[in-house]
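Dumped work00.csv below, it's CSV, C-alpha atoms:
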chain,number,residue,atom,x,y,z
A,25,MET,CA,141.8,70.6,70.5
A,26,ASN,CA,140.3,69.9,67.0
A,27,LYS,CA,140.5,73.1,64.9
A,28,LYS,CA,136.9,72.7,63.7
A,29,ILE,CA,135.6,72.5,67.3
A,30,LEU,CA,137.8,75.5,68.3
A,31,SER,CA,136.5,77.5,65.4
A,32,LEU,CA,132.9,76.7,66.4
A,33,ILE,CA,133.5,77.7,70.0
A,34,ILE,CA,134.9,81.1,68.8
A,35,LEU,CA,132.0,81.6,66.4
A,36,VAL,CA,129.5,80.9,69.2
A,37,PHE,CA,131.3,83.3,71.5
A,38,ILE,CA,131.4,86.0,68.9
A,39,SER,CA,127.7,85.5,68.1
A,40,PHE,CA,126.7,85.9,71.8
A,41,THR,CA,128.9,89.0,72.1
A,42,ILE,CA,127.3,90.6,69.0
A,43,PHE,CA,123.7,89.8,69.8
A,44,ALA,CA,123.9,90.3,73.6
A,45,ASN,CA,121.2,92.7,74.8
A,46,ILE,CA,122.2,95.8,76.8
A,47,ASP,CA,121.5,95.4,80.5
A,48,PHE,CA,119.3,98.3,81.6
A,49,THR,CA,118.8,97.0,85.1
A,50,LYS,CA,121.0,99.6,86.8
A,51,ALA,CA,119.5,102.5,84.9
A,52,ASP,CA,116.0,101.3,85.7
A,53,GLU,CA,116.8,100.9,89.4
A,54,LEU,CA,118.3,104.5,89.4
A,55,TYR,CA,115.1,105.7,87.8
A,56,ASP,CA,112.9,104.0,90.3
A,57,LEU,CA,115.0,105.5,93.1
A,58,GLU,CA,114.5,108.9,91.4
A,59,GLU,CA,118.3,109.4,91.0
A,60,PHE,CA,117.7,111.0,87.7
A,61,GLU,CA,121.2,112.5,87.1
A,62,ASP,CA,122.9,109.2,87.8
A,63,CYS,CA,120.3,107.5,85.6
A,64,ARG,CA,121.1,109.9,82.8
A,65,ASP,CA,124.8,109.3,83.2
A,66,GLU,CA,124.3,105.5,83.2
A,67,LEU,CA,122.3,105.5,80.0
A,68,ILE,CA,124.7,107.8,78.3
A,69,SER,CA,127.6,105.4,79.2
A,70,LEU,CA,125.6,102.6,77.6
A,71,GLU,CA,125.2,104.4,74.2
A,72,LYS,CA,128.4,102.9,72.8
A,73,GLU,CA,127.1,99.4,73.6
A,74,ALA,CA,123.8,100.0,71.6
A,75,LYS,CA,124.3,98.2,68.3
A,76,SER,CA,120.9,97.2,67.0
A,77,ASN,CA,118.0,99.5,66.3
A,78,GLN,CA,116.0,97.8,69.1
A,79,GLU,CA,118.8,98.5,71.6
A,80,LYS,CA,119.1,102.1,70.5
A,81,SER,CA,115.3,102.6,70.6
A,82,ASP,CA,115.1,101.2,74.1
A,83,LEU,CA,118.0,103.3,75.3
A,84,TYR,CA,116.7,106.6,74.0
A,85,TRP,CA,113.1,106.3,75.3
A,86,ARG,CA,114.6,105.6,78.7
A,87,LEU,CA,116.8,108.7,78.3
A,88,SER,CA,113.8,110.8,77.2
A,89,ARG,CA,111.9,109.6,80.3
A,90,THR,CA,114.8,110.7,82.5
A,91,TYR,CA,115.0,114.1,81.0
A,92,CYS,CA,111.3,114.5,81.7
A,93,TYR,CA,112.1,114.5,85.4
A,94,LEU,CA,115.5,116.2,85.2
A,95,GLY,CA,113.6,119.3,84.3
A,96,PHE,CA,112.4,119.6,87.9
A,97,THR,CA,115.9,119.6,89.3
A,98,VAL,CA,116.7,123.1,87.8
A,99,GLU,CA,115.5,126.5,88.8
A,100,THR,CA,114.9,128.7,85.8
A,101,ASN,CA,112.3,128.2,83.0
A,102,GLU,CA,115.1,128.6,80.5
A,103,GLU,CA,116.9,125.7,82.0
A,104,LYS,CA,113.7,123.6,82.2
A,105,LEU,CA,112.9,124.3,78.6
A,106,LYS,CA,116.3,123.2,77.5
A,107,ILE,CA,116.0,119.9,79.3
A,108,PHE,CA,112.4,119.2,78.2
A,109,ASN,CA,113.1,120.1,74.6
A,110,GLU,CA,116.1,117.7,74.7
A,111,GLY,CA,113.7,115.1,76.0
A,112,VAL,CA,111.5,115.6,72.9
A,113,ARG,CA,114.5,115.3,70.6
A,114,ILE,CA,115.7,112.1,72.3
A,115,ALA,CA,112.2,110.6,72.1
A,116,ASP,CA,112.3,111.3,68.3
A,117,LEU,CA,115.7,109.4,68.2
A,118,SER,CA,114.0,106.4,69.8
A,119,LEU,CA,111.2,106.5,67.2
A,120,LYS,CA,113.7,106.9,64.4
A,121,TYR,CA,115.3,103.5,65.3
A,122,LYS,CA,112.0,101.8,66.1
A,123,GLN,CA,108.4,102.8,66.5
A,124,ASN,CA,107.4,102.2,70.2
A,125,GLY,CA,104.8,103.3,72.7
A,126,GLN,CA,107.2,104.4,75.4
A,127,ALA,CA,108.8,107.0,73.1
A,128,TYR,CA,105.4,108.4,72.2
A,129,LEU,CA,104.6,108.6,75.9
A,130,TRP,CA,107.7,110.5,77.0
A,131,LYS,CA,107.7,112.7,73.9
A,132,ALA,CA,104.1,113.7,74.8
A,133,THR,CA,105.0,114.3,78.4
A,134,ASN,CA,108.1,116.5,77.6
A,135,GLU,CA,106.1,118.4,74.9
A,136,GLY,CA,103.4,119.0,77.5
A,137,ARG,CA,105.9,120.5,80.0
A,138,VAL,CA,107.3,122.7,77.3
A,139,GLY,CA,103.8,124.0,76.6
A,140,THR,CA,103.1,124.6,80.2
A,141,ILE,CA,106.1,126.8,80.6
A,142,LYS,CA,105.5,128.8,77.4
A,143,GLY,CA,101.9,129.6,78.3
A,144,PRO,CA,98.3,128.8,77.5
A,145,LEU,CA,98.4,129.5,73.8
A,146,ASN,CA,101.5,127.3,73.2
A,147,SER,CA,99.9,124.6,75.4
A,148,LEU,CA,96.7,124.7,73.3
A,149,VAL,CA,98.8,124.4,70.1
A,150,LYS,CA,100.6,121.4,71.5
A,151,ALA,CA,97.5,119.7,73.0
A,152,GLY,CA,96.3,118.2,69.8
A,153,LYS,CA,99.7,116.7,69.1
A,154,ILE,CA,100.1,115.3,72.6
A,155,LYS,CA,96.6,113.7,72.4
A,156,LYS,CA,97.6,112.1,69.1
A,157,TYR,CA,100.8,110.6,70.5
A,158,LEU,CA,99.0,109.2,73.5
A,159,PHE,CA,96.1,107.7,71.5
A,160,LYS,CA,98.8,106.0,69.4
A,161,LEU,CA,100.2,104.6,72.6
A,162,ILE,CA,96.8,103.2,73.5
A,163,ASP,CA,95.4,102.1,70.1
A,164,THR,CA,98.6,101.0,68.2
A,165,PHE,CA,100.8,99.7,71.0
A,166,LYS,CA,98.0,98.6,73.2
A,167,VAL,CA,99.4,100.1,76.4
A,168,TYR,CA,96.5,100.1,78.9
A,169,ASP,CA,98.5,100.4,82.2
A,170,SER,CA,100.4,103.7,81.9
A,171,SER,CA,99.4,106.0,84.8
A,172,PRO,CA,101.5,108.9,83.4
A,173,ALA,CA,99.8,108.7,80.0
A,174,PHE,CA,96.3,108.6,81.5
A,175,TYR,CA,97.2,111.5,83.9
A,176,VAL,CA,98.4,113.7,80.9
A,177,LEU,CA,95.2,112.8,79.0
A,178,ALA,CA,93.1,113.8,82.0
A,179,GLU,CA,94.9,117.1,82.2
A,180,LEU,CA,94.4,117.8,78.5
A,181,TYR,CA,90.6,117.1,78.7
A,182,ARG,CA,90.4,119.1,81.9
A,183,GLN,CA,92.3,122.2,80.8
A,184,VAL,CA,91.6,122.8,77.1
A,185,PRO,CA,88.4,124.7,76.1
A,186,LYS,CA,85.3,122.8,75.1
A,187,LYS,CA,84.0,122.4,71.6
A,188,PRO,CA,83.8,124.2,69.3
A,189,PHE,CA,87.1,125.9,70.4
A,190,SER,CA,89.0,122.7,71.3
A,191,PHE,CA,88.3,119.2,72.6
A,192,GLY,CA,87.9,119.8,76.4
A,193,ASN,CA,85.6,117.4,78.2
A,194,LYS,CA,85.5,117.1,82.0
A,195,GLU,CA,83.7,113.7,81.8
A,196,TYR,CA,86.5,112.3,79.7
A,197,ALA,CA,89.0,113.8,82.1
A,198,ILE,CA,87.4,112.0,85.0
A,199,SER,CA,87.5,108.6,83.2
A,200,TYR,CA,91.2,109.1,82.3
A,201,SER,CA,91.9,110.3,85.8
A,202,ARG,CA,90.4,107.1,87.2
A,203,LEU,CA,92.6,105.0,84.9
A,204,ALA,CA,95.6,107.1,86.1
A,205,VAL,CA,94.8,106.3,89.7
A,206,GLU,CA,94.2,102.6,89.1
A,207,THR,CA,97.4,102.0,87.1
A,208,ILE,CA,99.9,103.6,89.6
A,209,SER,CA,102.8,101.3,89.9
A,210,ASP,CA,103.4,99.7,93.3
A,211,LYS,CA,106.9,101.2,93.3
A,212,VAL,CA,105.7,104.8,93.5
A,213,ILE,CA,103.1,107.1,94.9
A,214,TYR,CA,101.8,110.0,92.8
A,215,PRO,CA,100.0,112.4,95.2
A,216,SER,CA,99.2,114.6,92.2
A,217,THR,CA,97.3,111.8,90.5
A,218,TYR,CA,95.0,111.2,93.5
A,219,TYR,CA,94.5,114.9,93.9
A,220,GLN,CA,93.6,115.3,90.2
A,221,LEU,CA,90.7,112.8,90.5
A,222,ALA,CA,89.5,114.1,93.8
A,223,LYS,CA,89.4,117.7,92.5
A,224,LEU,CA,87.6,116.7,89.3
A,225,LEU,CA,85.0,114.8,91.3
A,226,SER,CA,84.5,117.6,93.9
A,227,ASP,CA,84.1,120.1,91.1
A,228,ARG,CA,81.5,118.0,89.3
A,229,ASN,CA,79.6,117.3,92.6
A,230,TRP,CA,77.1,114.7,91.4
A,231,SER,CA,74.8,113.0,94.0
A,232,ALA,CA,74.8,109.2,94.4
A,233,SER,CA,71.5,108.9,92.5
A,234,LYS,CA,72.7,111.0,89.6
A,235,ARG,CA,75.9,108.9,89.4
A,236,ARG,CA,73.9,105.7,89.2
A,237,SER,CA,71.8,107.0,86.3
A,238,LYS,CA,74.8,108.4,84.4
A,239,PHE,CA,77.1,105.4,85.0
A,240,LYS,CA,74.6,103.1,83.3
A,241,LYS,CA,74.7,105.2,80.2
A,242,LYS,CA,78.5,105.3,80.3
A,243,GLN,CA,78.6,101.6,80.5
A,244,LYS,CA,76.5,101.3,77.4
A,245,TYR,CA,78.8,103.7,75.5
A,246,TYR,CA,81.9,101.9,76.7
A,247,ASN,CA,80.6,98.6,75.4
A,248,SER,CA,79.6,100.0,72.0
A,249,SER,CA,82.8,102.0,71.3
A,250,GLU,CA,85.4,100.4,69.0
A,251,LYS,CA,88.7,102.1,69.5
A,252,MET,CA,90.2,101.6,73.0
A,253,HIS,CA,90.9,105.3,73.5
A,254,GLU,CA,87.2,105.9,72.9
A,255,LYS,CA,86.2,103.2,75.3
A,256,PHE,CA,88.3,104.9,77.9
A,257,PHE,CA,86.2,108.1,77.5
A,258,TYR,CA,83.5,106.1,79.4
A,259,TYR,CA,85.7,104.1,81.7
A,260,GLU,CA,84.1,105.6,84.8
A,261,GLY,CA,80.9,103.6,84.3
A,262,SER,CA,82.4,100.6,82.5
A,263,LYS,CA,82.2,98.1,85.4
A,264,GLY,CA,78.8,99.2,86.7
A,265,ILE,CA,77.5,100.9,89.8
A,266,ASN,CA,78.4,98.0,92.2
A,267,GLU,CA,82.1,98.3,91.7
A,268,LYS,CA,84.2,99.0,94.9
A,269,LYS,CA,87.5,100.8,94.8
A,270,GLU,CA,90.4,100.0,97.2
A,271,TYR,CA,90.0,103.4,98.9
A,272,SER,CA,86.3,103.1,99.7
A,273,GLN,CA,84.1,100.7,101.7
A,274,LYS,CA,81.0,101.6,99.6
A,275,SER,CA,80.3,100.9,96.0
A,276,LEU,CA,80.5,103.6,93.4
A,277,GLY,CA,76.7,103.6,93.2
A,278,GLU,CA,76.4,104.3,96.9
A,279,LEU,CA,78.8,107.3,96.9
A,280,SER,CA,78.3,110.9,95.9
A,281,ASP,CA,81.2,112.6,94.1
A,282,LYS,CA,82.0,114.6,97.2
A,283,GLU,CA,82.1,111.4,99.4
A,284,GLU,CA,84.3,109.6,96.9
A,285,ALA,CA,86.7,112.6,96.7
A,286,ILE,CA,87.1,112.6,100.5
A,287,ASP,CA,87.8,108.8,100.4
A,288,ILE,CA,90.5,109.4,97.7
A,289,LEU,CA,92.2,112.2,99.6
A,290,ASN,CA,92.3,110.2,102.9
A,291,TYR,CA,93.7,107.2,101.0
A,292,ALA,CA,96.4,109.4,99.4
A,293,ILE,CA,97.5,110.7,102.8
A,294,LYS,CA,97.5,107.2,104.2
A,295,MET,CA,99.7,105.9,101.3
A,296,TYR,CA,102.0,109.0,101.5
A,297,ASN,CA,102.6,108.4,105.2
A,298,LYS,CA,102.9,104.6,105.0
A,299,TYR,CA,105.4,104.4,102.1
A,300,PRO,CA,107.8,107.4,102.3
A,301,GLU,CA,110.3,105.6,100.0
A,302,ARG,CA,107.8,105.7,97.2
A,303,ARG,CA,107.2,109.4,97.2
A,304,GLU,CA,107.8,111.2,94.0
A,305,LYS,CA,110.3,114.1,93.9
A,306,GLU,CA,107.8,116.3,92.1
A,307,ASP,CA,107.4,118.6,95.1
A,308,PRO,CA,105.5,116.1,97.2
A,309,LYS,CA,105.4,118.4,100.3
A,310,LYS,CA,103.5,121.0,98.3
A,311,MET,CA,101.1,118.4,96.9
A,312,LYS,CA,100.5,117.0,100.3
A,313,GLU,CA,99.5,120.5,101.5
A,314,GLU,CA,97.1,120.9,98.6
A,315,ILE,CA,95.6,117.5,99.4
A,316,TYR,CA,95.0,118.6,103.0
A,317,SER,CA,93.6,121.9,101.8
A,318,LEU,CA,91.0,120.3,99.5
A,319,LEU,CA,90.1,117.8,102.2
A,320,ASN,CA,89.5,120.6,104.6
A,321,GLU,CA,87.2,122.3,102.0
A,322,LEU,CA,85.1,119.1,101.6
A,323,THR,CA,84.8,118.1,105.3

Take the structure in this file and express it as structure tokens.
Amino acid sequence: MNKKILSLIILVFISFTIFANIDFTKADELYDLEEFEDCRDELISLEKEAKSNQEKSDLYWRLSRTYCYLGFTVETNEEKLKIFNEGVRIADLSLKYKQNGQAYLWKATNEGRVGTIKGPLNSLVKAGKIKKYLFKLIDTFKVYDSSPAFYVLAELYRQVPKKPFSFGNKEYAISYSRLAVETISDKVIYPSTYYQLAKLLSDRNWSASKRRSKFKKKQKYYNSSEKMHEKFFYYEGSKGINEKKEYSQKSLGELSDKEEAIDILNYAIKMYNKYPERREKEDPKKMKEEIYSLLNELT
């Protein structure tokens, strides 16, 4: 064989070897199956293959995501804190190699779980940071389909005190909770996400007529807001009163908050029973009991 041709073949082979992307297929499948320990081990085994900043960044945000759920596999708060803090550290590693939205999401989620364990004061201190990370995910990286991010934002606006003490706002919480429900992946079922929206609506308890009036105002604010995270404050009314959700036969303008909450809870139970393979490991039995409990209160 001609030496020049042979050299060219070798060069091409080396180039493909150097620039080949890491295959995260197995790790992502293990994550979807909620085999979090195996997912962690698979990602750690891939560390030596990560050469470029992009590959390292992609690997570490996935590892941070895995640690976010590994924390629920241990018993004590001390063990949980160790895991969630490691998740924060690994997310920072991902951001060190390349700025990316997924790292901000899982850093925020791990930070939030640390705050929850340490208590209300610590949670309040972390709340502003978490909000900042998730707004960056939305505004800078234009991620508009992250159910976990929207769920966390809804929890922040639901739990923290109102102004002037903090930024709590139940109306914003409902809009973000609606986004969380509507962006749930078809690979999973998050009973806690359905429960969150139903509880927020049942607590607000608006009549159908009041909803129609308020939604029109929210639609106006949605259209006039500039930043996307601000538009999402008014997402609830953004599509008007005639919009129908997959869990209801009536339009939003025909339903009261209580009626919609009942429809959401019934839908969550239906999905939970229909797709057992999609259930999350985050204590779904307990969450199902809470869904039934709230449904009994409303009916």

Counting all atoms listed in the file, the residue of A:Ser76, A:Glu61, A:Ser272, A:Asn124 that sits nearest A:Val98: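 Checking each of A:Ser76, A:Glu61, A:Ser272, A:Asn124 against A:Val98, counting all atoms listed in the file, the winner is A:Glu61.
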
Atom pair atom CA of A:Tyr246 / atom CA of A:Val149: separation (Å): 28.9 Å

Could you tell me which of A:Leu318, A:Ala197, A:Ala204, A:Leu161 comes closest to A:Tyr175 if we count all atoms listed in the file? A:Ala204

Given all atoms listed in the file as the counted atoms, nearest of A:Lys150, A:Lys120, A:Lys142, A:Lys282 to A:Asn101: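 Of the candidates, the smallest distance to A:Asn101 is held by A:Lys142.
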
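For the choices A:Thr140, A:Gln126, A:Asn193, A:Ser170, the atom-to-atom distance to A:Leu105 is smallest for A:Thr140 when using all atoms listed in the file.
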
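Nearest residue to A:Ile315, choosing from A:Lys166, A:Lys255, A:Lys223, A:Lys131 and counting only C-alpha atoms: A:Lys223.
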
How many Å separate atom CA of A:Asn297 from atom CA of A:Glu284?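 If I compute the distance from atom CA of A:Asn297 to atom CA of A:Glu284, I get 20.1 Å.
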
Please check which residues have atoms at most 9 Å from (115.6, 107.5, 79.8) in the file's coordinates, counting all atoms listed in the file, and write them as a PDB file with C-alpha atoms, in the coordinates of the input.
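File written: result_30.pdb
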ATOM      1  CA  ALA A  51     119.500 102.500  84.900  1.00  0.00           C
ATOM      2  CA  ASP A  52     116.000 101.300  85.700  1.00  0.00           C
ATOM      3  CA  TYR A  55     115.100 105.700  87.800  1.00  0.00           C
ATOM      4  CA  PHE A  60     117.700 111.000  87.700  1.00  0.00           C
ATOM      5  CA  CYS A  63     120.300 107.500  85.600  1.00  0.00           C
ATOM      6  CA  ARG A  64     121.100 109.900  82.800  1.00  0.00           C
ATOM      7  CA  LEU A  67     122.300 105.500  80.000  1.00  0.00           C
ATOM      8  CA  ASP A  82     115.100 101.200  74.100  1.00  0.00           C
ATOM      9  CA  LEU A  83     118.000 103.300  75.300  1.00  0.00           C
ATOM     10  CA  TYR A  84     116.700 106.600  74.000  1.00  0.00           C
ATOM     11  CA  TRP A  85     113.100 106.300  75.300  1.00  0.00           C
ATOM     12  CA  ARG A  86     114.600 105.600  78.700  1.00  0.00           C
ATOM     13  CA  LEU A  87     116.800 108.700  78.300  1.00  0.00           C
ATOM     14  CA  SER A  88     113.800 110.800  77.200  1.00  0.00           C
ATOM     15  CA  ARG A  89     111.900 109.600  80.300  1.00  0.00           C
ATOM     16  CA  THR A  90     114.800 110.700  82.500  1.00  0.00           C
ATOM     17  CA  TYR A  91     115.000 114.100  81.000  1.00  0.00           C
ATOM     18  CA  CYS A  92     111.300 114.500  81.700  1.00  0.00           C
ATOM     19  CA  GLY A 111     113.700 115.100  76.000  1.00  0.00           C
ATOM     20  CA  ILE A 114     115.700 112.100  72.300  1.00  0.00           C
ATOM     21  CA  ALA A 115     112.200 110.600  72.100  1.00  0.00           C
ATOM     22  CA  TRP A 130     107.700 110.500  77.000  1.00  0.00           C
TER      23      TRP A 130
END

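Across the model, the gap from atom CA of A:Leu224 to atom CA of A:Ser190 is 19.0 Å.
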
Please identify all polymer residues within 9 Å of A:Ile198, counting only C-alpha atoms, omitting same-chain residues fewer than 6 positions from it, and present them as an MDAnalysis selection string. chainID A and resid 178 181:182 220:221 224:225 257 259:260

Given only C-alpha atoms as the basis, pick out the residue of A:Tyr93, A:Tyr245, A:Phe239, A:Tyr316 nearest to A:Ile265. A:Phe239

All residues 7 Å or closer to A:Gly192, all atoms listed in the file, same chain fewer than 3 positions away omitted, as a list in words: Tyr181, Arg182, Gln183, Val184, Pro185, Lys186 and Lys187 of chain A

At most 12 Å from (98.8, 119.1, 68.6), file frame, all atoms listed in the file: which residues, as a PDB file with C-alpha atoms, in the frame of the given file?
ATOM      1  CA  ALA A 132     104.100 113.700  74.800  1.00  0.00           C
ATOM      2  CA  GLU A 135     106.100 118.400  74.900  1.00  0.00           C
ATOM      3  CA  GLY A 136     103.400 119.000  77.500  1.00  0.00           C
ATOM      4  CA  GLY A 139     103.800 124.000  76.600  1.00  0.00           C
ATOM      5  CA  LEU A 145      98.400 129.500  73.800  1.00  0.00           C
ATOM      6  CA  ASN A 146     101.500 127.300  73.200  1.00  0.00           C
ATOM      7  CA  SER A 147      99.900 124.600  75.400  1.00  0.00           C
ATOM      8  CA  LEU A 148      96.700 124.700  73.300  1.00  0.00           C
ATOM      9  CA  VAL A 149      98.800 124.400  70.100  1.00  0.00           C
ATOM     10  CA  LYS A 150     100.600 121.400  71.500  1.00  0.00           C
ATOM     11  CA  ALA A 151      97.500 119.700  73.000  1.00  0.00           C
ATOM     12  CA  GLY A 152      96.300 118.200  69.800  1.00  0.00           C
ATOM     13  CA  LYS A 153      99.700 116.700  69.100  1.00  0.00           C
ATOM     14  CA  ILE A 154     100.100 115.300  72.600  1.00  0.00           C
ATOM     15  CA  LYS A 155      96.600 113.700  72.400  1.00  0.00           C
ATOM     16  CA  LYS A 156      97.600 112.100  69.100  1.00  0.00           C
ATOM     17  CA  TYR A 157     100.800 110.600  70.500  1.00  0.00           C
ATOM     18  CA  LEU A 158      99.000 109.200  73.500  1.00  0.00           C
ATOM     19  CA  LEU A 180      94.400 117.800  78.500  1.00  0.00           C
ATOM     20  CA  VAL A 184      91.600 122.800  77.100  1.00  0.00           C
ATOM     21  CA  SER A 190      89.000 122.700  71.300  1.00  0.00           C
ATOM     22  CA  PHE A 191      88.300 119.200  72.600  1.00  0.00           C
TER      23      PHE A 191
END

Within 8 Å of A:Ser226 using only C-alpha atoms, minus same-chain residues under 3 positions, as a ChimeraX atom specification: /A:222-223,229,281-282,285,322
